[in-house]
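Visitor: Just passing along the structure, written as C-alpha cells.
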Amino acid sequence: VQLQASGGGLVQPGGSLRLSCAASGRTWSSYTVGWFRQGPGKEREFVAAKRWPGGDTYYADSVKGRFAISRENAKNIFYLQMNSLRPEDTAVYHCAGAPRRFITSAVRDRSLYDYWGQGTQVTVSS
C-alpha cells in the first residue's frame, strides 16, 4: 500500500485548501486514516482521523469546525478540506492509514498507523 499526498500550497489567511491522499494497492474494508502535521520546530501532531466501519471522524481542537476529513470511495482517495486557514496552520501535512478500525482513544496516536504518505507543505501567509 502506498499513500500519495498532494494539494498543499500558499494561501492567504482565511482561505481554503483541499489536501488529497490517494491510496494505491489493496482496498481496505476496515480502516483508520488520519492527517498529521508538523510545523517548523514542532512535533508532528494529530489533525483529523476517520475510521470505518462507522465513518466516525475526529479532530484536534485547534481545527474543529474548520477542517473536514472525508473519503471518495470509488477512487480510494481521502481528503482534508481546510477552511478559514490561519498562519498557525502552516506545516507539512502527512496522511497516514491502517487497515483496521482503531478504538477511539487510539486514533490520535501516530505510532499506530502502518502507512504514511510523503508530506505536502501548507503555508498560510499574507
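Identifiers in the C-alpha cells: chain A, B, ... in order shown; residue index from 1 per chain; ligand index from 1 in order shown.
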Can you list, as a list in words, every protein, DNA or RNA residue that comes within 12 Å of Ser62 in chain A when you count only C-alpha atoms, leaving out same-chain residues fewer than 2 positions away?
Guide: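 Returned residues: Glu45, Phe46, Val47, Ala48, Tyr58, Tyr59, Ala60, Lys64, Gly65, Arg66, Phe67, Met82, Ser84, Leu85, Arg86, Glu88 and Asp89 of chain A.
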Visitor: Would you pick out the contacts of Lys75 in chain A at 12 Å or less, using only C-alpha atoms, so that residues sharing its chain but fewer than 2 positions from it are not included, and give the list as number ranges by chain?
Guide: A: 20-25, 27, 71-73, 77-79
Visitor: Please save N, CA, C and O atoms of the selected residues as a compact mmCIF listing (two decimals), in the first residue's frame.
Guide:
# COMPACT_ATOMS: atom_id res chain seq x y z
N SER A 20 -5.33 16.02 -0.67
CA SER A 20 -5.76 14.70 -1.11
C SER A 20 -4.72 13.67 -0.71
O SER A 20 -3.52 13.96 -0.68
N CYS A 21 -5.19 12.47 -0.45
CA CYS A 21 -4.30 11.35 -0.14
C CYS A 21 -4.81 10.15 -0.93
O CYS A 21 -5.85 9.58 -0.58
N ALA A 22 -4.10 9.80 -1.99
CA ALA A 22 -4.50 8.70 -2.84
C ALA A 22 -3.86 7.41 -2.36
O ALA A 22 -2.63 7.36 -2.19
N ALA A 23 -4.67 6.40 -2.14
CA ALA A 23 -4.18 5.11 -1.66
C ALA A 23 -4.14 4.12 -2.82
O ALA A 23 -5.16 3.88 -3.47
N SER A 24 -2.97 3.56 -3.08
CA SER A 24 -2.84 2.54 -4.12
C SER A 24 -2.68 1.18 -3.46
O SER A 24 -2.28 1.08 -2.31
N GLY A 25 -2.95 0.13 -4.21
CA GLY A 25 -2.85 -1.20 -3.65
C GLY A 25 -4.22 -1.70 -3.20
O GLY A 25 -5.24 -1.29 -3.70
N THR A 27 -7.69 -2.36 -1.48
CA THR A 27 -8.73 -1.53 -0.86
C THR A 27 -9.09 -2.13 0.49
O THR A 27 -9.35 -3.32 0.58
N ARG A 71 -13.79 10.71 2.53
CA ARG A 71 -13.25 9.71 1.63
C ARG A 71 -14.12 9.62 0.39
O ARG A 71 -15.35 9.64 0.48
N GLU A 72 -13.49 9.52 -0.75
CA GLU A 72 -14.19 9.25 -2.01
C GLU A 72 -13.99 7.77 -2.29
O GLU A 72 -12.93 7.35 -2.77
N ASN A 73 -15.00 6.97 -1.98
CA ASN A 73 -14.86 5.52 -2.02
C ASN A 73 -14.44 4.99 -3.38
O ASN A 73 -13.58 4.13 -3.50
N ILE A 77 -9.61 7.68 -2.34
CA ILE A 77 -8.88 8.90 -2.04
C ILE A 77 -9.46 9.51 -0.78
O ILE A 77 -10.69 9.53 -0.60
N PHE A 78 -8.60 9.99 0.08
CA PHE A 78 -9.02 10.67 1.30
C PHE A 78 -8.69 12.15 1.16
O PHE A 78 -7.69 12.53 0.56
N TYR A 79 -9.56 12.97 1.72
CA TYR A 79 -9.39 14.41 1.62
C TYR A 79 -9.33 15.06 2.99
O TYR A 79 -9.88 14.55 3.97
Visitor: Neighbouring residues of Tyr93 in chain A were defined as those with any atom within 7 Å, considering only C-alpha atoms; residues of the same chain fewer than 6 positions away were excluded. Please report them as a ChimeraX atom specification.
Guide: /A:35-38,119-121
Visitor: Skip Gly8 in chain A itself and residues of its chain fewer than 6 positions away, then list as a PyMOL selection string all residues within 8 Å of it, counting only C-alpha atoms.
Guide: chain A and resi 17-19+120-123
Visitor: I need the residue nearest Gln12 in chain A from this list: A:Ser105, A:Asn83, A:Thr32, A:Asn76. Use only C-alpha atoms for the distance.
Guide: A:Asn83
Visitor: Run DSSP on the backbone of this structure and report the residues of range 18-95 of chain A it assigns to helix (DSSP H, G or I), as a PyMOL selection string.
Guide: chain A and resi 73-75+87-89
Visitor: I'd like the contact shell of Val33 in chain A - 9 Å cut-off, only C-alpha atoms, skipping same-chain residues fewer than 2 positions apart - returned as a VMD selection string.
Guide: chain A and resid 31 35 48 to 52 78 95 to 99 107 113
Visitor: One number please: CA of Thr57 in chain A to CA of Pro13 in chain A, in Å, one decimal.
Guide: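 CA of Pro13 in chain A lies 25.0 Å from CA of Thr57 in chain A.
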Visitor: Would you mind telling me which residue in A:Glu43, A:Gln2, A:Ala74, A:Gly9 lies nearest to Arg26 in chain A when using only C-alpha atoms?
Guide: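 Among the listed residues, the smallest separation from Arg26 in chain A belongs to A:Gln2.
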Visitor: To one decimal in Å, tell me the separation between CA of Thr90 in chain A and CA of Ile103 in chain A.
Guide: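 If I compute the distance from CA of Thr90 in chain A to CA of Ile103 in chain A, I get 29.0 Å.
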Visitor: Using only C-alpha atoms, can you tell me which of A:Val11, A:Leu112, A:Ala68, A:Ala106 comes closest to Val124 in chain A?
Guide: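 When distances to Val124 in chain A are compared using only C-alpha atoms, the smallest one comes from A:Val11.
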Visitor: At what distance in Å, to one decimal, does CA of Arg108 in chain A lie from CA of Gln4 in chain A?
Guide: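 According to the coordinates, CA of Gln4 in chain A and CA of Arg108 in chain A are separated by 20.3 Å.
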Visitor: Could you write out, as a ChimeraX atom specification, all the residues of chain A that DSSP marks as strand (DSSP E)?
Guide: /A:2-6,9-11,17-24,31-38,45-52,57-59,67-72,77-82,91-98,115-116,120-124
Visitor: Rank A:Thr104, A:Gln118, A:Ser70, A:Ser30 by their smallest atom-to-atom distance to Pro53 in chain A, using only C-alpha atoms, and report the top residue only.
Guide: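 Among A:Thr104, A:Gln118, A:Ser70, A:Ser30, it is A:Ser30 that comes nearest to Pro53 in chain A.
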